[in-house]
$ cat work-v4.cif   # mmCIF, C-alpha atoms
data_input
#
loop_
_atom_site.label_atom_id
_atom_site.label_comp_id
_atom_site.auth_asym_id
_atom_site.auth_seq_id
_atom_site.Cartn_x
_atom_site.Cartn_y
_atom_site.Cartn_z
CA MET A 7 -21.41 -33.77 -45.35
CA ASP A 8 -22.95 -31.27 -42.92
CA LEU A 9 -23.22 -30.48 -39.24
CA GLU A 10 -26.68 -31.98 -38.85
CA TYR A 11 -25.35 -35.34 -40.05
CA LEU A 12 -22.55 -35.17 -37.52
CA ARG A 13 -24.99 -34.31 -34.74
CA ALA A 14 -26.98 -37.43 -35.60
CA HIS A 15 -23.91 -39.68 -36.00
CA PRO A 16 -21.14 -38.37 -33.69
CA HIS A 17 -19.50 -41.81 -33.38
CA ARG A 18 -18.68 -41.67 -37.09
CA LEU A 19 -16.45 -38.61 -36.80
CA PRO A 20 -13.11 -40.52 -36.78
CA MET A 21 -14.12 -42.37 -39.92
CA LEU A 22 -15.29 -39.17 -41.61
CA VAL A 23 -11.98 -37.47 -40.83
CA GLU A 24 -9.97 -40.51 -41.94
CA HIS A 25 -11.76 -40.59 -45.30
CA GLN A 26 -11.41 -36.81 -45.68
CA ARG A 27 -15.15 -36.17 -45.63
CA ILE A 28 -14.39 -33.50 -43.03
CA ARG A 29 -11.18 -31.47 -43.11
CA PHE A 30 -9.38 -31.05 -39.80
CA THR A 31 -6.67 -28.76 -38.49
CA PRO A 32 -4.89 -29.63 -35.22
CA ILE A 33 -4.93 -26.78 -32.69
CA ASP A 34 -3.83 -26.23 -29.12
CA GLY A 35 -6.31 -27.97 -26.84
CA GLY A 36 -4.55 -27.78 -23.52
CA VAL A 37 -3.07 -30.67 -21.56
CA THR A 38 -6.02 -33.06 -21.27
CA SER A 39 -7.32 -33.60 -24.81
CA VAL A 40 -6.48 -33.47 -28.50
CA ALA A 41 -8.18 -30.48 -30.13
CA GLN A 42 -9.08 -30.00 -33.79
CA ARG A 43 -10.79 -27.44 -35.98
CA LEU A 44 -13.21 -29.30 -38.24
CA THR A 45 -14.32 -27.76 -41.54
CA PHE A 46 -17.31 -29.00 -43.52
CA ASP A 47 -17.81 -28.74 -47.28
CA ASP A 48 -19.95 -25.61 -46.87
CA GLY A 49 -17.16 -23.86 -44.94
CA THR A 50 -18.73 -24.31 -41.49
CA ASP A 51 -16.16 -24.73 -38.72
CA VAL A 52 -16.62 -26.48 -35.37
CA PHE A 53 -14.31 -27.20 -32.46
CA ALA A 54 -13.71 -30.83 -31.49
CA LYS A 55 -11.99 -32.37 -28.47
CA LEU A 56 -10.89 -36.00 -28.42
CA HIS A 57 -10.02 -37.68 -25.12
CA GLU A 58 -9.26 -41.41 -25.19
CA ARG A 59 -7.45 -41.93 -21.87
CA GLU A 60 -8.31 -41.70 -18.20
CA PRO A 61 -10.36 -40.16 -16.72
CA ALA A 62 -12.96 -41.66 -19.02
CA ASP A 63 -15.84 -39.43 -17.87
CA LEU A 64 -14.02 -36.10 -18.33
CA LEU A 65 -15.63 -35.02 -21.62
CA PRO A 66 -19.15 -36.19 -20.66
CA ALA A 67 -18.83 -34.11 -17.47
CA GLN A 68 -17.66 -31.08 -19.42
CA ARG A 69 -20.50 -31.51 -21.89
CA ARG A 70 -23.11 -31.58 -19.13
CA GLY A 71 -21.54 -28.54 -17.54
CA LEU A 72 -21.63 -26.58 -20.81
CA GLU A 73 -25.26 -27.51 -21.38
CA TRP A 74 -26.15 -26.50 -17.80
CA LEU A 75 -24.48 -23.13 -18.23
CA THR A 76 -26.19 -22.67 -21.60
CA GLU A 77 -29.56 -23.14 -19.89
CA ALA A 78 -28.73 -20.04 -17.83
CA GLY A 79 -27.85 -18.00 -20.93
CA ALA A 80 -24.12 -18.05 -20.19
CA PRO A 81 -21.77 -17.06 -23.03
CA VAL A 82 -20.34 -20.54 -23.57
CA PRO A 83 -19.89 -22.35 -26.89
CA ARG A 84 -22.93 -24.37 -27.91
CA VAL A 85 -22.53 -28.13 -27.70
CA TRP A 86 -23.30 -29.73 -31.07
CA CYS A 87 -22.72 -33.35 -30.14
CA GLY A 88 -20.63 -35.61 -27.98
CA THR A 89 -19.72 -39.15 -27.03
CA GLU A 90 -17.66 -40.68 -24.23
CA THR A 91 -14.46 -39.66 -26.07
CA LEU A 92 -15.59 -36.71 -28.20
CA LEU A 93 -16.98 -33.22 -27.65
CA VAL A 94 -17.95 -30.98 -30.57
CA THR A 95 -18.90 -27.35 -29.93
CA ARG A 96 -19.36 -24.10 -31.76
CA TRP A 97 -16.22 -22.63 -33.31
CA LEU A 98 -15.30 -19.25 -31.84
CA SER A 99 -13.29 -16.69 -33.76
CA SER A 100 -10.30 -15.15 -31.98
CA GLY A 101 -9.63 -11.50 -31.25
CA GLU A 102 -8.53 -9.05 -28.57
CA PRO A 103 -10.42 -8.17 -25.38
CA THR A 104 -12.11 -4.80 -25.05
CA ALA A 105 -13.29 -2.94 -21.97
CA ALA A 106 -16.86 -2.98 -23.28
CA GLY A 107 -16.68 -6.71 -23.98
CA ALA A 108 -15.23 -7.32 -20.51
CA SER A 109 -18.01 -5.35 -18.84
CA ALA A 110 -20.63 -7.32 -20.79
CA LEU A 111 -18.90 -10.56 -19.82
CA GLY A 112 -19.01 -9.60 -16.14
CA ALA A 113 -22.72 -8.85 -16.39
CA ALA A 114 -23.28 -12.21 -18.08
CA LEU A 115 -21.37 -13.95 -15.30
CA ALA A 116 -23.61 -12.32 -12.69
CA ARG A 117 -26.72 -13.46 -14.53
CA THR A 118 -25.32 -16.98 -14.80
CA HIS A 119 -24.59 -17.05 -11.07
CA ARG A 120 -28.09 -15.81 -10.27
CA ALA A 121 -29.61 -18.70 -12.24
CA GLY A 122 -28.63 -20.76 -9.21
CA ALA A 123 -28.43 -24.47 -8.51
CA SER A 124 -30.29 -26.92 -6.32
CA ALA A 125 -27.24 -27.80 -4.20
CA TRP A 126 -23.52 -27.29 -3.81
CA GLY A 127 -21.70 -29.54 -6.26
CA ALA A 128 -23.34 -31.16 -9.28
CA GLU A 129 -24.97 -34.31 -10.62
CA TRP A 130 -21.92 -35.11 -12.80
CA ALA A 131 -18.28 -35.89 -12.12
CA GLY A 132 -16.02 -32.99 -11.17
CA TYR A 133 -12.77 -32.22 -12.96
CA VAL A 134 -10.53 -29.20 -13.17
CA GLY A 135 -8.42 -30.15 -16.15
CA SER A 136 -7.71 -33.81 -15.39
CA VAL A 137 -7.72 -33.31 -11.59
CA ALA A 138 -10.74 -34.94 -10.00
CA VAL A 139 -12.66 -32.85 -7.46
CA ASP A 140 -15.55 -33.89 -5.24
CA ASN A 141 -18.78 -32.81 -6.93
CA SER A 142 -21.09 -34.78 -4.64
CA PRO A 143 -24.27 -32.68 -4.30
CA SER A 144 -24.80 -31.32 -0.81
CA THR A 145 -27.20 -29.05 1.04
CA ARG A 146 -25.00 -28.80 4.15
CA PRO A 147 -23.67 -25.32 5.04
CA TRP A 148 -21.42 -23.92 2.30
CA ALA A 149 -18.37 -23.44 4.55
CA ASP A 150 -18.47 -27.11 5.63
CA TRP A 151 -18.88 -28.31 2.04
CA PHE A 152 -16.11 -26.06 0.74
CA ARG A 153 -13.66 -26.97 3.51
CA ASN A 154 -14.28 -30.66 2.90
CA ARG A 155 -13.67 -30.20 -0.83
CA LEU A 156 -10.36 -28.45 -0.18
CA THR A 157 -9.31 -30.85 2.57
CA THR A 158 -9.70 -33.76 0.14
CA LEU A 159 -7.40 -32.00 -2.32
CA LEU A 160 -4.94 -31.13 0.44
CA THR A 161 -4.75 -34.74 1.61
CA ARG A 162 -4.03 -35.88 -1.94
CA CYS A 163 -1.23 -33.33 -2.28
CA VAL A 164 0.39 -34.58 0.95
CA ILE A 165 0.07 -38.26 -0.03
CA THR A 166 1.76 -37.59 -3.38
CA GLY A 167 4.54 -35.64 -1.69
CA ASN A 168 3.71 -32.35 -3.38
CA LEU A 169 3.20 -30.77 0.06
CA ASP A 170 4.75 -31.78 3.37
CA ASP A 171 3.14 -31.94 6.81
CA ALA A 172 4.30 -28.43 7.72
CA ASP A 173 2.72 -27.06 4.54
CA ALA A 174 -0.49 -28.93 5.31
CA ALA A 175 -0.66 -27.43 8.81
CA ILE A 176 -0.46 -23.90 7.37
CA VAL A 177 -3.10 -24.62 4.75
CA ASN A 178 -5.39 -26.24 7.34
CA ALA A 179 -5.06 -23.15 9.52
CA ALA A 180 -6.16 -21.03 6.56
CA LEU A 181 -9.08 -23.36 5.84
CA SER A 182 -10.30 -22.82 9.40
CA ARG A 183 -10.69 -19.12 8.53
CA ILE A 184 -13.24 -19.76 5.80
CA PRO A 185 -16.28 -17.83 7.01
CA ASP A 186 -19.82 -19.09 7.25
CA ALA A 187 -22.03 -17.96 4.39
CA ASP A 188 -25.45 -19.13 5.53
CA ASP A 189 -27.24 -16.36 3.64
CA GLU A 190 -25.37 -16.97 0.38
CA PRO A 191 -27.55 -18.55 -2.33
CA VAL A 192 -26.13 -21.43 -4.36
CA SER A 193 -24.72 -19.91 -7.56
CA ARG A 194 -24.29 -21.56 -10.94
CA LEU A 195 -20.50 -21.47 -11.30
CA HIS A 196 -18.14 -21.90 -14.22
CA GLY A 197 -15.87 -23.51 -11.65
CA ASP A 198 -12.47 -23.04 -13.33
CA LEU A 199 -12.48 -19.37 -14.26
CA ARG A 200 -8.78 -18.94 -14.96
CA THR A 201 -7.65 -16.41 -17.57
CA ALA A 202 -6.90 -19.27 -19.98
CA ASN A 203 -10.60 -20.14 -19.91
CA LEU A 204 -11.69 -16.71 -21.13
CA HIS A 205 -11.94 -16.51 -24.92
CA TRP A 206 -12.24 -13.24 -26.81
CA ASP A 207 -13.73 -13.29 -30.28
CA ALA A 208 -13.09 -11.06 -33.28
CA ALA A 209 -15.67 -8.54 -32.06
CA GLY A 210 -13.94 -8.23 -28.68
CA ASP A 211 -16.73 -10.11 -26.90
CA GLY A 212 -15.90 -12.58 -24.17
CA TRP A 213 -16.80 -16.27 -23.81
CA PHE A 214 -16.31 -18.82 -21.05
CA ILE A 215 -14.72 -22.11 -22.14
CA ASP A 216 -13.62 -25.38 -20.49
CA PRO A 217 -15.84 -25.18 -17.39
CA SER A 218 -15.84 -27.30 -14.27
CA ALA A 219 -19.44 -26.27 -13.67
CA HIS A 220 -21.13 -26.82 -10.32
CA GLY A 221 -23.18 -25.11 -7.66
CA GLY A 222 -20.99 -23.00 -5.39
CA HIS A 223 -20.25 -19.61 -3.86
CA ARG A 224 -20.08 -16.86 -6.47
CA GLU A 225 -16.98 -15.33 -4.87
CA THR A 226 -15.06 -18.50 -5.80
CA ASP A 227 -15.46 -17.78 -9.53
CA LEU A 228 -14.49 -14.13 -9.14
CA SER A 229 -11.53 -14.90 -6.88
CA THR A 230 -10.27 -17.54 -9.30
CA LEU A 231 -10.54 -15.03 -12.12
CA ALA A 232 -8.46 -12.53 -10.17
CA LEU A 233 -5.57 -15.00 -9.70
CA ASP A 234 -4.13 -14.38 -13.16
CA GLU A 235 -5.24 -10.73 -13.50
CA PRO A 236 -6.83 -10.97 -16.97
CA PRO A 237 -7.11 -7.89 -19.21
CA HIS A 238 -9.84 -5.46 -18.14
CA LEU A 239 -10.44 -7.27 -14.84
CA GLU A 240 -11.94 -4.18 -13.21
CA SER A 241 -14.33 -3.79 -16.15
CA ILE A 242 -15.43 -7.38 -15.63
CA ILE A 243 -16.02 -6.69 -11.93
CA ALA A 244 -17.88 -3.45 -12.68
CA GLY A 245 -20.11 -5.23 -15.19
CA TYR A 246 -20.78 -7.95 -12.64
CA GLU A 247 -21.73 -5.51 -9.90
CA SER A 248 -24.05 -3.61 -12.25
CA VAL A 249 -26.22 -6.75 -12.18
CA TRP A 250 -25.53 -8.27 -8.76
CA PRO A 251 -23.44 -6.24 -6.27
CA LEU A 252 -20.91 -8.21 -4.28
CA GLU A 253 -21.00 -8.37 -0.49
CA PRO A 254 -18.70 -6.00 1.46
CA GLY A 255 -15.26 -7.45 2.22
CA TRP A 256 -15.20 -9.85 -0.71
CA ARG A 257 -11.71 -8.76 -1.75
CA GLU A 258 -10.39 -9.58 1.74
CA ARG A 259 -11.91 -13.07 1.44
CA GLN A 260 -10.51 -13.57 -2.06
CA GLY A 261 -7.42 -15.48 -0.95
CA LEU A 262 -9.50 -18.06 0.93
CA HIS A 263 -11.43 -18.88 -2.24
CA GLN A 264 -8.16 -18.94 -4.21
CA LEU A 265 -6.90 -21.83 -2.08
CA TYR A 266 -9.16 -24.05 -4.19
CA PRO A 267 -7.64 -23.44 -7.66
CA LEU A 268 -4.16 -23.29 -6.14
CA LEU A 269 -4.56 -26.70 -4.49
CA VAL A 270 -5.71 -27.99 -7.87
CA ASP A 271 -2.52 -26.54 -9.38
CA VAL A 272 -0.38 -28.38 -6.83
CA ALA A 273 -2.27 -31.62 -7.49
CA ALA A 274 -1.80 -31.18 -11.24
CA PHE A 275 1.71 -29.76 -11.50
CA GLY A 276 3.42 -30.87 -8.31
CA SER A 277 5.67 -28.94 -5.98
CA SER A 278 6.46 -26.37 -8.68
CA ALA A 279 3.06 -24.83 -7.88
CA ARG A 280 3.60 -24.92 -4.12
CA ASP A 281 5.03 -21.46 -3.50
CA ARG A 282 2.01 -19.51 -4.69
CA LEU A 283 -0.35 -21.63 -2.62
CA MET A 284 1.74 -21.21 0.50
CA THR A 285 2.12 -17.45 0.05
CA ILE A 286 -1.65 -17.02 0.12
CA ALA A 287 -2.25 -19.59 2.85
CA ARG A 288 0.17 -17.79 5.20
CA ARG A 289 -1.98 -14.64 5.01
CA TYR A 290 -4.80 -16.43 6.82
CA ARG A 291 -3.12 -18.79 9.28
#

$ encode --input "work-v4.cif" --output "structure tokens"
Amino acid sequence: MDLEYLRAHPHRLPMLVEHQRIRFTPIDGGVTSVAQRLTFDDGTDVFAKLHEREPADLLPAQRRGLEWLTEAGAPVPRVWCGTETLLVTRWLSSGEPTAAGASALGAALARTHRAGASAWGAEWAGYVGSVAVDNSPSTRPWADWFRNRLTTLLTRCVITGNLDDADAAIVNAALSRIPDADDEPVSRLHGDLRTANLHWDAAGDGWFIDPSAHGGHRETDLSTLALDEPPHLESIIAGYESVWPLEPGWRERQGLHQLYPLLVDVAAFGSSARDRLMTIARRYR
């Protein structure tokens, strides 16, 4: 049993595991999927995600996003194979972040962004975790597209009772402050660049995992990254700017971009995530 066979017959993976042709070790795979470390007879390891509930197109969307980022040379795990319910990628060793690795990761992110996209959004479904987001491709002005994306999330949060009308008024006031960015090229984004989606290998090098890839504004990725203050954040930023300097004032605009991942948090986790969203929204009302 080898990896090439699995690539050619991905639908047979459950049977191969059941009959112990491939050894598996359950690992933490987050909240949306069951994750396993698969080990072949020759000692090769791969990472596998299994998702058999709604939304049904989550793993296919993630697979397409990984492949799209790979085309740009992004440091993401290679996709080996996939089905509607299965995604198998390269296994990454685990280690500690280093300043040098962080700087290299920032430079790689800049190069990925510069690879660009044909439109805001993407040709595949949009998910951040299991939260659906509007990925409909658009060539309208970025600020209009981004506001519409966030307004859709905001409406959902109000309907579910995770935010009330007073909260929504404050967030809407902040959304009105999103500036035009007519000169900003469409960047190839990871789309969910939280600290949990940075992986550091045994050499201290960084990788991007679990993307919600789409065409967007590059400051959205960087602002999302800053939310959780990952190790060596300033080294990541310095590495980024060594390749593609950021526009003046980007740190002042950071909170406006952060409204996106924070609205996703409220949609996913309910009112427990409300306070952080509202703290940032009040800065811009």

$ closest_residue --input "work-v4.cif" --among "A:Thr91, A:Arg70, A:Arg162, A:Asp51" --to "Pro20 (chain A)" --atoms "all atoms listed in the file"
A:Thr91

$ residues_around --input "work-v4.cif" --residues "Ser136 (chain A)" --least-positions-apart "4" --cutoff "12 Å" --atoms "all atoms listed in the file" --output "PyMOL selection string"
chain A and resi 36-39+57+59-65+67-68+131-132+198+216+218+270-271+273-275

$ atom_distance --input "work-v4.cif" --atom1 "CA of Trp74 (chain A)" --atom2 "CA of Trp206 (chain A)"
21.2 Å

$ closest_residue --input "work-v4.cif" --among "A:Glu77, A:Asp186, A:Asp171, A:Glu258" --to "Ala123 (chain A)" --atoms "all atoms listed in the file"
A:Glu77

$ atom_distance --input "work-v4.cif" --atom1 "CA of Thr50 (chain A)" --atom2 "CA of Arg96 (chain A)"
9.8 Å

$ atom_distance --input "work-v4.cif" --atom1 "CA of Ile184 (chain A)" --atom2 "CA of Glu235 (chain A)"
22.8 Å

$ residues_around --input "work-v4.cif" --residues "Thr95 (chain A)" --least-positions-apart "3" --cutoff "6 Å" --atoms "all atoms listed in the file" --output "number ranges by chain"
A: 52-53, 83-86

$ write_last_selection --input "work-v4.cif" --atoms "C-alpha atoms" --output "PDB file, in the frame of the given file"
ATOM      1  CA  VAL A  52     -16.620 -26.480 -35.370  1.00  0.00           C
ATOM      2  CA  PHE A  53     -14.310 -27.200 -32.460  1.00  0.00           C
ATOM      3  CA  PRO A  83     -19.890 -22.350 -26.890  1.00  0.00           C
ATOM      4  CA  ARG A  84     -22.930 -24.370 -27.910  1.00  0.00           C
ATOM      5  CA  VAL A  85     -22.530 -28.130 -27.700  1.00  0.00           C
ATOM      6  CA  TRP A  86     -23.300 -29.730 -31.070  1.00  0.00           C
TER       7      TRP A  86
END

$ resolve_selection --input "work-v4.cif" --expression "the PyMOL selection byres ((chain A and resi 149) around 10)" --output "list in words"
Arg146, Pro147, Trp148, Asp150, Trp151, Phe152, Arg153, Asn154, Arg155, Leu181, Ser182, Arg183, Ile184, Pro185, Asp186, Ala187, Asp188 and His223 of chain A

$ write_last_selection --input "work-v4.cif" --atoms "C-alpha atoms" --output "PDB file, in the coordinates of the input"
ATOM      1  CA  ARG A 146     -25.000 -28.800   4.150  1.00  0.00           C
ATOM      2  CA  PRO A 147     -23.670 -25.320   5.040  1.00  0.00           C
ATOM      3  CA  TRP A 148     -21.420 -23.920   2.300  1.00  0.00           C
ATOM      4  CA  ASP A 150     -18.470 -27.110   5.630  1.00  0.00           C
ATOM      5  CA  TRP A 151     -18.880 -28.310   2.040  1.00  0.00           C
ATOM      6  CA  PHE A 152     -16.110 -26.060   0.740  1.00  0.00           C
ATOM      7  CA  ARG A 153     -13.660 -26.970   3.510  1.00  0.00           C
ATOM      8  CA  ASN A 154     -14.280 -30.660   2.900  1.00  0.00           C
ATOM      9  CA  ARG A 155     -13.670 -30.200  -0.830  1.00  0.00           C
ATOM     10  CA  LEU A 181      -9.080 -23.360   5.840  1.00  0.00           C
ATOM     11  CA  SER A 182     -10.300 -22.820   9.400  1.00  0.00           C
ATOM     12  CA  ARG A 183     -10.690 -19.120   8.530  1.00  0.00           C
ATOM     13  CA  ILE A 184     -13.240 -19.760   5.800  1.00  0.00           C
ATOM     14  CA  PRO A 185     -16.280 -17.830   7.010  1.00  0.00           C
ATOM     15  CA  ASP A 186     -19.820 -19.090   7.250  1.00  0.00           C
ATOM     16  CA  ALA A 187     -22.030 -17.960   4.390  1.00  0.00           C
ATOM     17  CA  ASP A 188     -25.450 -19.130   5.530  1.00  0.00           C
ATOM     18  CA  HIS A 223     -20.250 -19.610  -3.860  1.00  0.00           C
TER      19      HIS A 223
END

$ residues_around --input "work-v4.cif" --residues "Arg282 (chain A)" --least-positions-apart "2" --cutoff "10 Å" --atoms "all atoms listed in the file" --output "list in words"
Leu265, Leu268, Leu269, Asp271, Val272, Ser278, Ala279, Arg280, Met284, Thr285, Ile286 and Ala287 of chain A

$ write_last_selection --input "work-v4.cif" --atoms "C-alpha atoms" --output "PDB file, keeping the file's coordinate frame"
ATOM      1  CA  LEU A 265      -6.900 -21.830  -2.080  1.00  0.00           C
ATOM      2  CA  LEU A 268      -4.160 -23.290  -6.140  1.00  0.00           C
ATOM      3  CA  LEU A 269      -4.560 -26.700  -4.490  1.00  0.00           C
ATOM      4  CA  ASP A 271      -2.520 -26.540  -9.380  1.00  0.00           C
ATOM      5  CA  VAL A 272      -0.380 -28.380  -6.830  1.00  0.00           C
ATOM      6  CA  SER A 278       6.460 -26.370  -8.680  1.00  0.00           C
ATOM      7  CA  ALA A 279       3.060 -24.830  -7.880  1.00  0.00           C
ATOM      8  CA  ARG A 280       3.600 -24.920  -4.120  1.00  0.00           C
ATOM      9  CA  MET A 284       1.740 -21.210   0.500  1.00  0.00           C
ATOM     10  CA  THR A 285       2.120 -17.450   0.050  1.00  0.00           C
ATOM     11  CA  ILE A 286      -1.650 -17.020   0.120  1.00  0.00           C
ATOM     12  CA  ALA A 287      -2.250 -19.590   2.850  1.00  0.00           C
TER      13      ALA A 287
END

$ axis_aligned_box --input "work-v4.cif" --around "region 124-132 of chain A" --padding-each-side "6 Å" --output "JSON"
{"center_x": -23.2, "center_y": -31.4, "center_z": -8.3, "size_x": 26.3, "size_y": 21.0, "size_z": 21.0}

$ resolve_selection --input "work-v4.cif" --expression "the PyMOL selection byres ((chain A and resi 112) around 7)" --output "mmCIF file with C-alpha atoms, in the frame of the given file"
data_model
loop_
_atom_site.group_PDB
_atom_site.id
_atom_site.type_symbol
_atom_site.label_atom_id
_atom_site.label_comp_id
_atom_site.auth_asym_id
_atom_site.auth_seq_id
_atom_site.Cartn_x
_atom_site.Cartn_y
_atom_site.Cartn_z
ATOM 1 C CA ALA A 108 -15.230 -7.320 -20.510
ATOM 2 C CA SER A 109 -18.010 -5.350 -18.840
ATOM 3 C CA ALA A 110 -20.630 -7.320 -20.790
ATOM 4 C CA LEU A 111 -18.900 -10.560 -19.820
ATOM 5 C CA ALA A 113 -22.720 -8.850 -16.390
ATOM 6 C CA ALA A 114 -23.280 -12.210 -18.080
ATOM 7 C CA LEU A 115 -21.370 -13.950 -15.300
ATOM 8 C CA ALA A 116 -23.610 -12.320 -12.690
ATOM 9 C CA ILE A 242 -15.430 -7.380 -15.630
ATOM 10 C CA ILE A 243 -16.020 -6.690 -11.930
ATOM 11 C CA GLY A 245 -20.110 -5.230 -15.190
ATOM 12 C CA TYR A 246 -20.780 -7.950 -12.640
#

$ residues_around --input "work-v4.cif" --residues "Gly107 (chain A)" --least-positions-apart "6" --cutoff "7 Å" --atoms "only C-alpha atoms" --output "list of chain:residue names"
A:Gly210, A:Asp211, A:Gly212

$ write_last_selection --input "work-v4.cif" --atoms "C-alpha atoms" --output "mmCIF file, in the frame of the given file"
data_model
loop_
_atom_site.group_PDB
_atom_site.id
_atom_site.type_symbol
_atom_site.label_atom_id
_atom_site.label_comp_id
_atom_site.auth_asym_id
_atom_site.auth_seq_id
_atom_site.Cartn_x
_atom_site.Cartn_y
_atom_site.Cartn_z
ATOM 1 C CA GLY A 210 -13.940 -8.230 -28.680
ATOM 2 C CA ASP A 211 -16.730 -10.110 -26.900
ATOM 3 C CA GLY A 212 -15.900 -12.580 -24.170
#

$ residues_around --input "work-v4.cif" --residues "Pro191 (chain A)" --least-positions-apart "5" --cutoff "12 Å" --atoms "only C-alpha atoms" --output "PyMOL selection string"
chain A and resi 119-126+145+147-148+221-225

$ closest_residue --input "work-v4.cif" --among "A:Gly135, A:Pro236, A:Pro143, A:Gly197" --to "His263 (chain A)" --atoms "only C-alpha atoms"
A:Gly197

$ closest_residue --input "work-v4.cif" --among "A:Ala41, A:Val134, A:Ala244, A:Leu9" --to "Pro217 (chain A)" --atoms "all atoms listed in the file"
A:Val134

$ closest_residue --input "work-v4.cif" --among "A:Asp234, A:Asp173, A:Glu90, A:Asp281" --to "Thr161 (chain A)" --atoms "only C-alpha atoms"
A:Asp173

$ closest_residue --input "work-v4.cif" --among "A:Ala208, A:Leu283, A:Ile215, A:Leu98" --to "Leu169 (chain A)" --atoms "only C-alpha atoms"
A:Leu283
